[in-house]
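Novice: The structure file entry22.txt (compact mmCIF, C-alpha atoms) is provided below.
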# COMPACT_ATOMS: atom_id res chain seq x y z
CA MET E 23 117.10 86.33 102.80
CA LYS E 24 115.91 83.68 100.35
CA HIS E 25 116.26 85.87 97.29
CA ARG E 26 119.85 86.81 98.15
CA GLY E 27 120.98 83.22 98.11
CA ARG E 28 119.02 82.50 94.95
CA HIS E 29 120.53 85.49 93.16
CA ARG E 30 124.06 84.52 94.15
CA ARG E 31 123.53 80.96 92.88
CA ARG E 32 122.33 82.33 89.55
CA ARG E 33 125.41 84.57 89.27
CA ARG E 34 127.69 81.59 89.99
CA GLY E 35 125.81 79.56 87.38
CA ARG E 36 126.28 82.25 84.74
CA ALA E 37 129.97 82.53 85.60
CA LEU E 38 130.41 78.75 85.25
CA ARG E 39 128.68 78.65 81.86
CA ALA E 40 130.87 81.53 80.68
CA SER E 41 134.06 79.71 81.71
CA LEU E 42 133.01 76.56 79.86
CA ALA E 43 132.69 78.57 76.65
CA GLY E 44 136.48 78.46 76.32
CA THR E 45 139.44 80.75 76.82
CA ALA E 46 139.60 81.85 73.18
CA LEU E 47 135.99 83.01 73.20
CA ALA E 48 136.53 84.87 76.47
CA LEU E 49 139.56 86.70 75.06
CA THR E 50 137.62 87.65 71.94
CA ALA E 51 134.74 89.01 74.03
CA ALA E 52 137.16 90.96 76.21
CA ALA E 53 138.81 92.51 73.17
CA THR E 54 135.40 93.50 71.78
CA LEU E 55 134.38 95.00 75.13
CA ILE E 56 137.55 97.11 75.33
CA SER E 57 137.21 98.25 71.73
CA THR E 58 133.58 99.23 72.21
CA SER E 59 134.36 101.07 75.43
CA GLN E 60 137.13 103.08 73.81
CA ALA E 61 134.97 103.89 70.80
CA ALA E 62 132.25 105.16 73.11
CA GLY E 63 134.73 107.54 74.69
CA GLY E 64 134.67 106.05 78.20
CA LYS E 65 134.86 102.99 80.38
CA THR E 66 132.05 100.74 81.49
CA PRO E 67 130.94 101.20 85.11
CA GLY E 68 132.16 97.70 85.91
CA GLY E 69 130.55 95.43 88.48
CA LEU E 70 128.44 96.40 91.46
CA SER E 71 130.21 96.81 94.81
CA SER E 72 128.35 95.40 97.81
CA VAL E 73 127.41 97.81 100.59
CA GLY E 74 127.50 95.64 103.65
CA SER E 75 128.64 97.60 106.68
CA ALA E 76 126.07 98.28 109.39
CA ALA E 77 126.83 102.01 109.35
CA GLU E 78 126.26 102.30 105.60
CA LEU E 79 123.01 100.33 105.72
CA ARG E 80 121.73 102.51 108.58
CA ASP E 81 121.70 105.50 106.23
CA LEU E 82 119.11 103.67 104.10
CA ARG E 83 116.64 103.01 106.92
CA LEU E 84 113.17 104.53 106.70
CA LYS E 85 110.50 105.30 109.30
CA GLU E 86 106.88 104.44 108.49
CA ASN E 87 104.27 107.19 108.91
CA LEU E 88 100.70 105.91 108.53
CA THR E 89 97.93 108.36 107.69
CA ASP E 90 95.53 108.75 110.60
CA ARG E 91 92.74 106.26 109.93
CA THR E 92 89.99 108.44 111.37
CA ALA E 93 91.06 111.43 109.27
CA LEU E 94 91.16 109.24 106.15
CA GLU E 95 87.69 107.82 106.73
CA THR E 96 86.27 111.26 107.55
CA LEU E 97 87.64 112.66 104.28
CA THR E 98 86.34 109.64 102.35
CA ALA E 99 82.84 110.06 103.75
CA GLY E 100 82.91 113.81 103.15
CA MET E 101 83.76 113.29 99.49
CA GLY E 102 80.98 110.79 98.87
CA GLY E 103 82.83 107.52 99.42
CA ARG E 104 85.64 105.77 97.66
CA VAL E 105 85.70 104.56 94.05
CA GLY E 106 88.05 102.17 92.29
CA VAL E 107 90.46 102.43 89.38
CA ASP E 108 87.82 100.97 87.04
CA GLU E 109 85.64 104.07 87.36
CA VAL E 110 88.62 106.32 86.73
CA LEU E 111 89.50 104.40 83.57
CA ARG E 112 85.92 104.43 82.30
CA SER E 113 85.99 108.22 82.55
CA ALA E 114 89.26 108.54 80.58
CA ASN E 115 89.05 111.74 78.54
CA HIS E 116 92.46 111.93 76.82
CA THR E 117 93.77 109.79 73.95
CA MET E 118 97.35 108.73 73.32
CA ARG E 119 98.80 108.62 69.83
CA ASP E 120 100.43 105.37 68.75
CA GLU E 121 103.89 105.37 67.17
CA GLY E 122 102.54 105.84 63.65
CA ASP E 123 100.95 109.14 64.68
CA CYS E 124 103.93 110.43 66.67
CA PHE E 125 105.91 113.28 65.15
CA VAL E 126 109.36 112.70 63.64
CA THR E 127 111.03 114.46 66.57
CA GLU E 128 109.16 112.22 69.00
CA LYS E 129 110.20 109.06 67.17
CA GLY E 130 113.78 110.28 67.25
CA VAL E 131 114.05 109.64 71.00
CA LEU E 132 113.41 105.91 70.66
CA PRO E 133 116.23 103.38 71.28
CA VAL E 134 118.63 102.47 68.48
CA ALA E 135 119.19 98.95 69.81
CA PRO E 136 117.25 97.03 70.84
CA THR E 137 114.29 98.71 69.19
CA ALA E 138 111.02 99.53 70.92
CA ALA E 139 108.26 96.92 70.80
CA ARG E 140 105.69 99.74 70.91
CA ALA E 141 105.56 103.45 71.60
CA TYR E 142 102.94 106.09 72.36
CA CYS E 143 102.84 109.89 72.45
CA TRP E 144 100.70 112.12 74.63
CA GLU E 145 97.71 114.16 73.59
CA ALA E 146 98.13 117.93 73.16
CA PRO E 147 98.64 120.03 75.25
CA ASP E 148 100.25 117.41 77.52
CA ALA E 149 102.84 116.74 74.81
CA VAL E 150 104.08 120.33 74.77
CA ASP E 151 103.27 121.90 78.16
CA ASP E 152 106.74 122.40 79.64
CA ARG E 153 105.31 123.28 83.06
CA TRP E 154 104.46 119.62 83.62
CA ARG E 155 107.23 116.98 83.48
CA PRO E 156 106.57 113.22 83.06
CA GLN E 157 108.98 111.51 85.43
CA SER E 158 107.88 107.96 86.25
CA VAL E 159 106.02 104.92 84.99
CA THR E 160 104.70 101.60 86.26
CA THR E 161 102.06 99.08 85.18
CA SER E 162 99.46 96.79 86.68
CA ARG E 163 100.47 93.15 86.87
CA ASP E 164 98.41 92.30 83.75
CA ASN E 165 99.73 95.39 81.93
CA LYS E 166 96.20 96.57 81.18
CA VAL E 167 96.78 99.77 83.14
CA ILE E 168 99.83 101.98 82.72
CA VAL E 169 100.51 104.71 85.28
CA SER E 170 102.69 107.75 84.73
CA GLY E 171 103.63 110.35 87.36
CA TRP E 172 104.09 114.02 86.42
CA THR E 173 105.30 116.99 88.47
CA HIS E 174 104.56 120.67 87.94
CA ALA E 175 107.85 122.45 87.31
CA GLY E 176 106.43 125.91 86.62
CA THR E 177 106.36 128.95 88.86
CA THR E 178 102.64 129.73 88.75
CA ALA E 179 101.52 130.63 92.26
CA GLY E 180 99.80 127.68 93.94
CA GLU E 181 100.94 125.13 91.35
CA GLU E 182 104.60 124.71 92.20
CA GLY E 183 105.49 121.06 92.69
CA LEU E 184 101.96 119.69 92.23
CA ALA E 185 101.95 115.94 91.58
CA ARG E 186 99.47 114.31 89.24
CA VAL E 187 99.19 110.83 87.77
CA ALA E 188 97.95 109.67 84.38
CA PHE E 189 95.98 106.42 84.66
CA VAL E 190 96.11 104.89 81.19
CA ASP E 191 93.61 102.28 80.01
CA ALA E 192 95.86 99.96 77.99
CA SER E 193 93.39 97.08 77.62
CA ASP E 194 93.33 97.78 73.86
CA PRO E 195 96.97 98.32 72.75
CA SER E 196 95.75 100.16 69.65
CA ASP E 197 93.59 102.65 71.57
CA LEU E 198 95.13 103.96 74.80
CA LYS E 199 93.13 106.51 76.80
CA TYR E 200 93.98 108.23 80.08
CA ARG E 201 92.62 110.31 82.94
CA TRP E 202 94.52 112.68 85.26
CA VAL E 203 94.32 112.24 89.04
CA LEU E 204 95.73 114.69 91.61
CA LEU E 205 97.72 113.29 94.56
CA VAL E 206 96.70 114.65 97.98
CA VAL E 207 97.06 114.08 101.72
CA PRO E 208 94.18 114.41 104.22
CA GLN E 209 94.33 117.16 106.80
CA ALA E 210 94.60 116.05 110.41
CA ASP E 211 90.89 116.56 111.13
CA GLY E 212 89.87 114.69 107.96
CA LYS E 213 87.70 117.61 106.86
CA GLY E 214 90.09 118.88 104.23
CA LEU E 215 92.96 117.95 101.99
CA LYS E 216 96.14 119.47 100.66
CA ALA E 217 98.12 118.71 97.55
CA VAL E 218 101.17 116.48 97.48
CA ARG E 219 104.00 118.59 96.12
CA SER E 220 106.74 116.20 95.15
CA ARG E 221 109.03 115.01 92.39
CA LEU E 222 107.56 111.69 91.20
CA GLY E 223 110.84 110.25 89.97
CA GLY E 224 109.80 106.61 90.36
CA MET E 225 106.74 104.41 90.90
CA ALA E 226 105.93 100.82 91.84
CA TRP E 227 102.50 99.13 91.78
CA TYR E 228 102.04 96.09 94.03
CA GLU E 229 98.61 94.61 94.85
CA ASN E 230 96.38 97.67 95.47
CA LYS E 231 99.18 100.05 96.47
CA LEU E 232 100.98 102.66 94.39
CA ILE E 233 104.38 103.64 95.81
CA VAL E 234 106.02 106.84 94.56
CA THR E 235 109.22 108.71 95.33
CA ALA E 236 108.72 111.86 97.35
CA ARG E 237 111.52 114.36 97.03
CA ASN E 238 109.87 117.57 98.11
CA PRO E 239 110.60 120.99 96.61
CA GLN E 240 111.85 123.76 98.85
CA ASN E 241 109.23 125.55 100.91
CA SER E 242 106.63 122.86 100.16
CA GLY E 243 105.60 122.65 103.79
CA TYR E 244 106.35 118.90 104.01
CA ARG E 245 109.13 117.07 105.76
CA ASP E 246 111.63 115.44 103.43
CA ASP E 247 109.80 112.14 102.93
CA SER E 248 111.34 109.44 100.76
CA LEU E 249 108.17 107.64 99.63
CA PHE E 250 104.40 108.11 99.54
CA VAL E 251 101.94 105.19 99.33
CA PHE E 252 98.43 105.41 97.84
CA ASP E 253 95.53 102.95 98.01
CA LEU E 254 94.18 102.27 94.50
CA ASP E 255 90.84 101.24 95.99
CA ARG E 256 90.39 104.72 97.44
CA PHE E 257 90.00 107.29 94.67
CA LEU E 258 87.79 110.21 95.73
CA ARG E 259 85.62 112.46 93.55
CA ALA E 260 85.89 116.25 93.70
CA ASP E 261 82.57 118.11 93.75
CA VAL E 262 83.94 121.24 92.08
CA THR E 263 85.97 120.99 88.86
CA ASP E 264 85.98 124.63 87.73
CA SER E 265 88.11 126.08 90.54
CA ASP E 266 91.83 126.54 91.13
CA ALA E 267 91.34 125.75 94.83
CA ILE E 268 92.56 122.55 96.48
CA GLY E 269 90.53 121.53 99.51
CA LYS E 270 87.16 122.36 101.07
CA VAL E 271 85.17 125.14 99.38
CA ASP E 272 81.58 126.36 99.77
CA GLN E 273 80.24 123.90 97.20
CA GLY E 274 82.13 120.88 98.51
CA PHE E 275 85.66 119.78 97.61
CA SER E 276 87.84 121.22 94.85
CA ALA E 277 90.97 119.65 93.38
CA HIS E 278 92.39 122.31 91.04
CA HIS E 279 90.09 121.34 88.14
CA TYR E 280 90.70 117.58 88.53
CA ARG E 281 87.73 115.22 88.85
CA TYR E 282 89.54 112.66 91.01
CA VAL E 283 92.06 112.73 93.82
CA LEU E 284 94.07 109.93 95.41
CA PRO E 285 94.88 110.44 99.13
CA ALA E 286 98.09 109.09 100.66
CA VAL E 287 97.66 106.27 103.17
CA ALA E 288 101.31 106.19 104.28
CA SER E 289 104.68 107.82 103.81
CA TYR E 290 108.27 106.89 104.62
CA SER E 291 110.95 109.31 105.76
CA PRO E 292 114.61 108.83 106.76
CA ALA E 293 114.72 107.02 110.10
CA SER E 294 117.62 109.20 111.23
CA GLY E 295 115.50 112.32 110.90
CA ASP E 296 118.15 113.87 108.65
CA ALA E 297 117.43 115.42 105.27
CA CYS E 298 118.64 113.56 102.21
CA ASP E 299 122.14 114.37 100.96
CA ALA E 300 122.02 115.25 97.26
CA ARG E 301 125.82 115.61 97.17
CA GLY E 302 126.44 111.99 98.03
CA ASN E 303 128.66 112.58 101.04
CA ASP E 304 127.84 109.16 102.49
CA GLY E 305 124.63 110.40 104.05
CA VAL E 306 120.90 109.77 103.71
CA PRO E 307 120.23 109.19 99.99
CA CYS E 308 117.87 111.28 97.89
CA LEU E 309 115.69 108.71 96.13
CA THR E 310 115.71 109.29 92.38
CA SER E 311 113.58 106.35 91.33
CA VAL E 312 111.97 103.09 92.46
CA SER E 313 110.64 100.00 90.73
CA LEU E 314 109.07 96.66 91.66
CA ASP E 315 110.89 93.33 91.75
CA ARG E 316 108.38 90.46 91.72
CA THR E 317 111.13 87.83 91.37
CA SER E 318 112.57 88.35 94.86
CA THR E 319 111.25 86.54 97.94
CA PRO E 320 109.33 88.39 99.26
CA PRO E 321 108.59 90.88 96.46
CA SER E 322 110.53 94.09 96.95
CA VAL E 323 110.95 97.68 95.90
CA VAL E 324 114.37 98.63 94.52
CA ALA E 325 115.60 102.21 94.65
CA ASN E 326 118.48 104.35 93.45
CA GLU E 327 120.08 107.72 93.98
CA SER E 328 121.71 109.69 91.18
CA PHE E 329 124.60 112.08 90.64
CA ALA E 330 125.59 114.15 87.63
CA THR E 331 127.37 112.37 84.82
CA GLY E 332 131.10 112.90 85.29
CA SER E 333 130.82 113.66 89.01
CA GLY E 334 132.81 110.57 89.95
CA THR E 335 130.47 109.86 92.89
CA ALA E 336 129.27 106.25 93.09
CA ALA E 337 125.48 105.93 93.31
CA ARG E 338 123.76 103.41 95.55
CA VAL E 339 121.09 100.92 94.47
CA TRP E 340 119.23 98.93 97.11
CA ARG E 341 116.01 97.12 98.00
CA TYR E 342 113.27 97.15 100.65
CA ASP E 343 111.12 94.06 101.19
CA LEU E 344 107.37 94.51 100.81
CA ASP E 345 104.91 93.32 103.43
CA THR E 346 102.73 90.46 102.21
CA VAL E 347 100.32 90.25 105.17
CA SER E 348 96.85 90.87 103.75
CA ASP E 349 96.01 94.10 105.59
CA ARG E 350 99.49 95.53 104.91
CA ALA E 351 100.09 94.22 101.40
CA GLY E 352 101.97 96.86 99.41
CA LEU E 353 103.42 98.64 102.44
CA LEU E 354 107.10 98.18 103.22
CA GLY E 355 108.07 95.47 105.67
CA THR E 356 108.88 96.96 109.08
CA THR E 357 111.01 95.71 111.95
CA GLY E 358 110.10 95.77 115.62
CA ARG E 359 112.02 99.01 116.13
CA GLN E 360 109.20 101.55 116.09
CA GLY E 361 108.12 100.85 112.55
CA GLU E 362 111.53 101.12 110.91
CA VAL E 363 112.23 99.73 107.44
CA GLU E 364 115.67 98.30 106.75
CA ALA E 365 117.35 97.87 103.38
CA ASP E 366 117.73 94.18 102.61
CA GLU E 367 120.73 94.55 100.31
CA ALA E 368 122.59 97.45 98.75
CA TYR E 369 125.29 98.07 96.15
CA GLU E 370 127.25 100.92 94.64
CA THR E 371 127.41 101.46 90.88
CA LYS E 372 129.98 103.63 89.17
CA ALA E 373 127.39 104.56 86.56
CA THR E 374 126.60 108.26 86.92
CA GLY E 375 123.51 110.12 85.75
CA VAL E 376 121.39 107.13 86.86
CA ARG E 377 117.73 107.72 85.98
CA GLY E 378 116.22 104.38 86.95
CA VAL E 379 116.95 100.92 88.30
CA LEU E 380 115.33 97.51 87.89
CA SER E 381 116.09 94.19 89.54
CA HIS E 382 114.82 90.99 87.89
CA ASP E 383 115.88 87.38 88.43
CA GLY E 384 119.05 88.46 90.21
CA ASP E 385 120.22 90.95 87.58
CA TRP E 386 120.30 94.71 88.07
CA TYR E 387 119.50 97.01 85.15
CA VAL E 388 120.60 100.64 85.40
CA SER E 389 119.36 103.40 83.09
CA GLN E 390 122.10 105.96 82.53
CA ALA E 391 121.55 109.34 80.89
CA ALA E 392 124.06 110.65 78.37
CA ALA E 393 126.64 113.18 79.52
CA LYS E 394 125.39 115.70 76.95
CA GLN E 395 121.90 116.81 76.05
CA GLY E 396 120.48 115.36 72.86
CA ARG E 397 122.44 112.11 73.11
CA HIS E 398 121.13 108.59 73.54
CA GLY E 399 121.52 106.98 76.95
CA THR E 400 122.57 103.49 78.04
CA VAL E 401 120.97 100.61 79.93
CA TRP E 402 123.58 98.54 81.76
CA ARG E 403 122.99 95.05 83.12
CA GLN E 404 125.20 94.75 86.17
CA ASP E 405 126.14 92.12 88.69
CA GLU E 406 129.07 91.95 91.09
CA ASP E 407 131.42 90.87 88.31
CA ARG E 408 130.82 93.22 85.38
CA ALA E 409 128.54 95.55 83.43
CA ARG E 410 127.25 94.93 79.93
CA ALA E 411 125.21 96.99 77.49
CA ALA E 412 124.05 96.81 73.90
CA SER E 413 126.42 98.25 71.33
CA CYS E 414 125.32 100.01 68.16
CA THR E 415 126.20 102.56 65.53
CA ASN E 416 123.98 105.40 66.63
CA GLY E 417 124.07 107.42 63.43
CA THR E 418 126.52 110.05 64.69
CA SER E 419 129.63 107.94 64.27
CA GLU E 420 130.98 105.01 62.26
CA HIS E 421 132.26 103.48 65.49
CA GLN E 422 130.35 101.25 67.82
CA SER E 423 128.89 102.91 70.91
CA TYR E 424 127.07 102.04 74.12
CA ALA E 425 124.74 105.01 73.56
CA CYS E 426 121.93 102.85 72.18
CA TRP E 427 119.04 103.48 74.61
CA GLY E 428 116.51 106.26 74.18
CA LEU E 429 117.26 109.95 74.55
CA HIS E 430 116.75 111.47 77.99
CA GLY E 431 116.94 108.09 79.76
CA GLY E 432 114.16 107.63 82.28
CA PRO E 433 112.99 105.25 85.03
CA LEU E 434 112.43 101.54 84.36
CA SER E 435 109.43 99.29 85.04
CA TYR E 436 108.92 95.64 84.11
CA SER E 437 105.59 94.06 83.11
CA PRO E 438 105.59 90.28 83.73
CA GLU E 439 102.49 89.72 81.59
CA THR E 440 104.13 90.97 78.38
CA GLY E 441 107.82 90.74 79.28
CA GLU E 442 108.21 94.44 78.46
CA LEU E 443 110.53 96.99 79.99
CA TRP E 444 108.70 100.33 80.12
CA THR E 445 110.19 103.81 80.29
CA LEU E 446 109.44 107.37 79.16
CA THR E 447 111.04 110.64 78.21
CA ALA E 448 110.32 114.11 79.61
CA PRO E 449 111.52 117.07 77.49
CA VAL E 450 109.22 118.73 74.99
CA PRO E 451 108.51 118.14 72.19
CA GLU E 452 109.91 114.62 72.60
CA ARG E 453 107.65 113.05 75.21
CA VAL E 454 107.26 109.36 74.45
CA LEU E 455 106.08 106.38 76.49
CA TYR E 456 107.62 103.18 75.12
CA ALA E 457 108.33 99.53 75.86
CA VAL E 458 111.21 97.24 74.91
CA LYS E 459 111.13 93.48 75.37
CA LEU E 460 113.44 92.60 78.27
CA SER E 461 114.46 89.48 76.35
CA ASP E 462 115.60 91.76 73.50
CA VAL E 463 117.66 93.80 75.96
CA ASP E 464 119.34 90.62 77.23
CA ARG E 465 119.95 89.26 73.73
CA ALA E 466 121.58 92.52 72.69
CA LEU E 467 124.16 92.02 75.44
CA ASP E 468 125.36 88.63 74.15
Take the structure from the file and write it as structure tokens.
Specialist:
Amino acid sequence: MKHRGRHRRRRRGRALRASLAGTALALTAAATLISTSQAAGGKTPGGLSSVGSAAELRDLRLKENLTDRTALETLTAGMGGRVGVDEVLRSANHTMRDEGDCFVTEKGVLPVAPTAARAYCWEAPDAVDDRWRPQSVTTSRDNKVIVSGWTHAGTTAGEEGLARVAFVDASDPSDLKYRWVLLVVPQADGKGLKAVRSRLGGMAWYENKLIVTARNPQNSGYRDDSLFVFDLDRFLRADVTDSDAIGKVDQGFSAHHYRYVLPAVASYSPASGDACDARGNDGVPCLTSVSLDRTSTPPSVVANESFATGSGTAARVWRYDLDTVSDRAGLLGTTGRQGEVEADEAYETKATGVRGVLSHDGDWYVSQAAAKQGRHGTVWRQDEDRARAASCTNGTSEHQSYACWGLHGGPLSYSPETGELWTLTAPVPERVLYAVKLSDVDRALD
């Protein structure tokens, strides 16, 4: 693949520049790295290990499942025709608070180093409703729309595992507004719909497609898909907004009080037919998060699995190429083998508690949660040689630490228009959406 060779050349170039800096400087940097690691109470995860065997890569294969076109068009016609994201944004009925209006506890989750370029907090009751958990974020290419995926974690009958998305109008950075949209799938006959019930741990927006992780809760009635794909030119309006029902009712269509729904146009499930292996016993991975890499050729989606901090199990990070053919733009690139999707490259990281992954210009960034609740996390930049992270004094110790990222480390998303790395936090009352300049992250490593 073109991007593989390009990434390897960049790694060799960085290694050469480092060697020219001189042996004395290298020894000093090594001593600092060891000292910082010891002060932080643990070792760095080290470099990425390539996953290259055919058997290992087979575990990462996906099978494409396209939504029946007739059913999709029947549902679209029955709900009055499609609308675009612009209409959804114009109807935004919730307002985000900027950093100055966030509470002290909310500000306390922000990174120590590098600091956030900007931060926002959600409107009540979204800021404090523990039944709903914000779990993912992505942006439009121009960064004028921010998208955040939330999953219902409560036990209220009929609501378990519901997936909704906040579409945030960010065209005015001082006045962000958002609207909730419920994720659904059409029924086979196209005359009804049912809710997507899934953990939205990661999101990627490419062209007019929104790709989300799809780890389904038990007894959800769905197979164990890995990804759902939604067409952002195909929002549908619900006729009834004062009903708990989801689907066709006497007065038309109801979407559990939501004005808009977004129907899935495709999904991807393990090609082997096996369920994902949350224990990491070298089986089908359970996707924790995804993000978009625009710097690869072709553009790609990168993914990760995650295991508990301290488990000792290496997590995999890998990529799937995106299709760039006009009528398939935003879907994953398939092979000739019955619509299978193959991983283009894969690595193992010894970082545990991985919450998100980003690949940009050949570097991999891994968001790692702290081993204990209430502690700041870490963002590592890894290649096949080493791992690096910002060091700081985080206020709990006089010693330097790698625990410099925000509390409750979350997924990562990069906006090329602003050069910002976006993430969010989930626990109440500390739900914050914030951005850090990627250039600041890189500078903090040097």
Novice: In Å to one decimal, how far is atom CA of Thr89 of chain E from atom CA of Ala288 of chain E?
Specialist: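 Going from atom CA of Ala288 of chain E over to atom CA of Thr89 of chain E, I get 5.3 Å.
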Novice: Pick out the closest residue to Gly399 of chain E from this set: E:Leu132, E:Val324, E:Val347, E:Ala138. Count all atoms listed in the file.
Specialist: E:Leu132
Novice: Record the distance separating atom CA of Val251 of chain E and atom CA of Gly384 of chain E, expressed in Å with one decimal.
Specialist: 25.6 Å
Novice: With a cut-off of 7 Å, could you pull out the residues of segment 143-219 of chain E touching segment 91-96 of chain E and give me the nearest pair of atoms for each, distance in Å to one decimal, using all atoms listed in the file, ordered by chain and ascending number, as a tab-separated table?
Specialist:
residue	atom	partner	partner_atom	distance
E:Pro208	CA	E:Leu94	CA	6.3
E:Ala210	CA	E:Ala93	CA	5.9
E:Asp211	CA	E:Ala93	CA	5.5
E:Gly212	CA	E:Ala93	CA	3.7
E:Lys213	CA	E:Thr96	CA	6.5
Novice: Enumerate, as a PDB file with C-alpha atoms, keeping the file's coordinate frame, the protein, DNA and RNA residues whose atoms approach (104.6, 90.1, 85.0) to within 8 Å, taking into account only C-alpha atoms and the coordinate frame of the file.
Specialist:
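Okay, out.pdb is ready:
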ATOM      1  CA  ARG E 163     100.470  93.150  86.870  1.00  0.00           C
ATOM      2  CA  ASP E 164      98.410  92.300  83.750  1.00  0.00           C
ATOM      3  CA  ASN E 165      99.730  95.390  81.930  1.00  0.00           C
ATOM      4  CA  ARG E 316     108.380  90.460  91.720  1.00  0.00           C
ATOM      5  CA  TYR E 436     108.920  95.640  84.110  1.00  0.00           C
ATOM      6  CA  SER E 437     105.590  94.060  83.110  1.00  0.00           C
ATOM      7  CA  PRO E 438     105.590  90.280  83.730  1.00  0.00           C
ATOM      8  CA  GLU E 439     102.490  89.720  81.590  1.00  0.00           C
ATOM      9  CA  THR E 440     104.130  90.970  78.380  1.00  0.00           C
ATOM     10  CA  GLY E 441     107.820  90.740  79.280  1.00  0.00           C
TER      11      GLY E 441
END
Novice: From the set E:Asp349, E:Gly361, E:Arg281, E:Glu452, which residue has the shortest atom-to-atom contact distance to Ser113 of chain E, counting all atoms listed in the file?
Specialist: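 Among the listed residues, E:Arg281 lies closest to Ser113 of chain E.
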Novice: Counting all atoms listed in the file, write as a ChimeraX atom specification all protein and nucleic acid residues lying at most 9 Å from (109.9, 108.8, 95.6) in the file's frame.
Specialist: /E:220-225,233-237,247-250,308-312,325
Novice: Pull the closest atom pair for each residue of segment 373-462 of chain E that gets at most 12 Å from segment 183-203 of chain E, along with the distance in Å to one decimal, counting only C-alpha atoms, ordering rows by chain and then ascending residue number, as CSV.
Specialist:
residue,atom,partner,partner_atom,distance
E:Thr440,CA,E:Pro195,CA,11.7
E:Leu455,CA,E:Val190,CA,11.1
E:Tyr456,CA,E:Pro195,CA,11.9
E:Ala457,CA,E:Pro195,CA,11.8
Novice: Neighbours of segment 333-338 of chain E within 8 Å (all atoms listed in the file; same-chain residues fewer than 3 positions away dropped), as a ChimeraX atom specification?
Specialist: /E:302,326-330,368-374,376
